[in-house]
$ cat my_file.pdb   # PDB, C-alpha atoms
ATOM      1  CA  MET A   1      50.776  10.708 -39.641
ATOM      2  CA  ASP A   2      53.587   9.844 -41.989
ATOM      3  CA  GLY A   3      56.938   8.833 -40.548
ATOM      4  CA  THR A   4      59.234  11.544 -41.901
ATOM      5  CA  LYS A   5      59.768  13.483 -38.634
ATOM      6  CA  ARG A   6      61.842  11.931 -35.841
ATOM      7  CA  LYS A   7      60.034  13.893 -33.091
ATOM      8  CA  ASP A   8      56.761  12.066 -33.923
ATOM      9  CA  ILE A   9      58.232   8.614 -33.191
ATOM     10  CA  THR A  10      59.242   7.260 -29.774
ATOM     11  CA  PRO A  11      60.020   3.736 -28.519
ATOM     12  CA  GLY A  12      56.728   1.954 -27.870
ATOM     13  CA  THR A  13      54.910   3.648 -30.769
ATOM     14  CA  GLU A  14      52.913   1.379 -33.112
ATOM     15  CA  VAL A  15      53.981   1.970 -36.723
ATOM     16  CA  ASP A  16      53.831   0.526 -40.236
ATOM     17  CA  ILE A  17      57.250   0.168 -41.859
ATOM     18  CA  VAL A  18      58.590  -0.865 -45.262
ATOM     19  CA  LEU A  19      61.362  -3.436 -44.999
ATOM     20  CA  LYS A  20      64.324  -3.232 -47.410
ATOM     21  CA  LYS A  21      63.159  -6.409 -49.201
ATOM     22  CA  ASP A  22      59.647  -4.897 -49.627
ATOM     23  CA  GLN A  23      60.658  -1.509 -51.056
ATOM     24  CA  ARG A  24      59.655  -2.441 -54.616
ATOM     25  CA  SER A  25      56.258  -3.875 -53.651
ATOM     26  CA  GLY A  26      55.599  -1.334 -50.881
ATOM     27  CA  ALA A  27      54.323  -4.058 -48.533
ATOM     28  CA  LEU A  28      53.902  -2.750 -44.986
ATOM     29  CA  THR A  29      54.873  -4.478 -41.746
ATOM     30  CA  ARG A  30      53.219  -3.415 -38.478
ATOM     31  CA  GLY A  31      55.069  -3.421 -35.191
ATOM     32  CA  ILE A  32      56.184  -1.579 -32.059
ATOM     33  CA  VAL A  33      59.271   0.663 -32.222
ATOM     34  CA  LYS A  34      62.232  -0.481 -30.123
ATOM     35  CA  ASP A  35      65.020   1.831 -31.435
ATOM     36  CA  LEU A  36      65.268   4.845 -33.723
ATOM     37  CA  LEU A  37      68.142   4.381 -36.170
ATOM     38  CA  THR A  38      67.944   7.694 -38.067
ATOM     39  CA  ASN A  39      69.737  10.504 -36.229
ATOM     40  CA  SER A  40      68.613  13.454 -38.384
ATOM     41  CA  PRO A  41      65.392  15.298 -37.383
ATOM     42  CA  SER A  42      63.648  14.250 -40.622
ATOM     43  CA  HIS A  43      64.087  11.989 -43.654
ATOM     44  CA  PRO A  44      62.084  12.189 -46.908
ATOM     45  CA  HIS A  45      61.617   8.386 -47.151
ATOM     46  CA  GLY A  46      60.743   7.876 -43.480
ATOM     47  CA  ILE A  47      62.670   7.497 -40.232
ATOM     48  CA  LYS A  48      64.534   4.165 -40.007
ATOM     49  CA  VAL A  49      63.582   2.152 -36.927
ATOM     50  CA  ARG A  50      64.097  -1.281 -35.382
ATOM     51  CA  LEU A  51      60.927  -3.022 -34.234
ATOM     52  CA  GLU A  52      60.698  -5.073 -31.027
ATOM     53  CA  ASP A  53      60.921  -8.279 -33.119
ATOM     54  CA  GLY A  54      64.223  -7.090 -34.656
ATOM     55  CA  GLN A  55      62.999  -6.089 -38.114
ATOM     56  CA  VAL A  56      64.431  -2.844 -39.553
ATOM     57  CA  GLY A  57      62.695  -0.500 -41.981
ATOM     58  CA  ARG A  58      61.473   3.007 -42.693
ATOM     59  CA  VAL A  59      58.291   4.299 -41.065
ATOM     60  CA  LYS A  60      55.441   4.961 -43.502
ATOM     61  CA  HIS A  61      52.548   5.426 -41.057
ATOM     62  CA  ILE A  62      52.196   6.104 -37.322
ATOM     63  CA  HIS A  63      49.156   4.766 -35.405
TER      64      HIS A  63
END

$ encode --input "my_file.pdb" --output "structure tokens"
Amino acid sequence: MDGTKRKDITPGTEVDIVLKKDQRSGALTRGIVKDLLTNSPSHPHGIKVRLEDGQVGRVKHIH
């Protein structure tokens, strides 16, 4: 699943995100969702989340 719909992502979900610094390269970071930061039901570039380790990025893939 891609990460464009907020209803697909809940705290505790394992996801791959793109960090702001990695947007050009597209490098993915895997982690567990702690908080959802996007309030709208969907976002074309992925829902913004905070991982349990504190990193923030947009979800590209849900496991």

$ residues_around --input "my_file.pdb" --residues "stretch 9-20 of chain A" --least-positions-apart "5" --cutoff "9 Å" --atoms "all atoms listed in the file" --output "ChimeraX atom specification"
/A:3,26-36,46-49,51-52,55-63

$ atom_distance --input "my_file.pdb" --atom1 "atom CA of A:Arg24" --atom2 "atom CA of A:Pro44"
16.7 Å

$ atom_distance --input "my_file.pdb" --atom1 "atom CA of A:Ser40" --atom2 "atom CA of A:Ser25"
26.2 Å

$ closest_residue --input "my_file.pdb" --among "A:His45, A:Gln23, A:Asn39, A:Asp53" --to "A:Lys7" --atoms "only C-alpha atoms"
A:Asn39
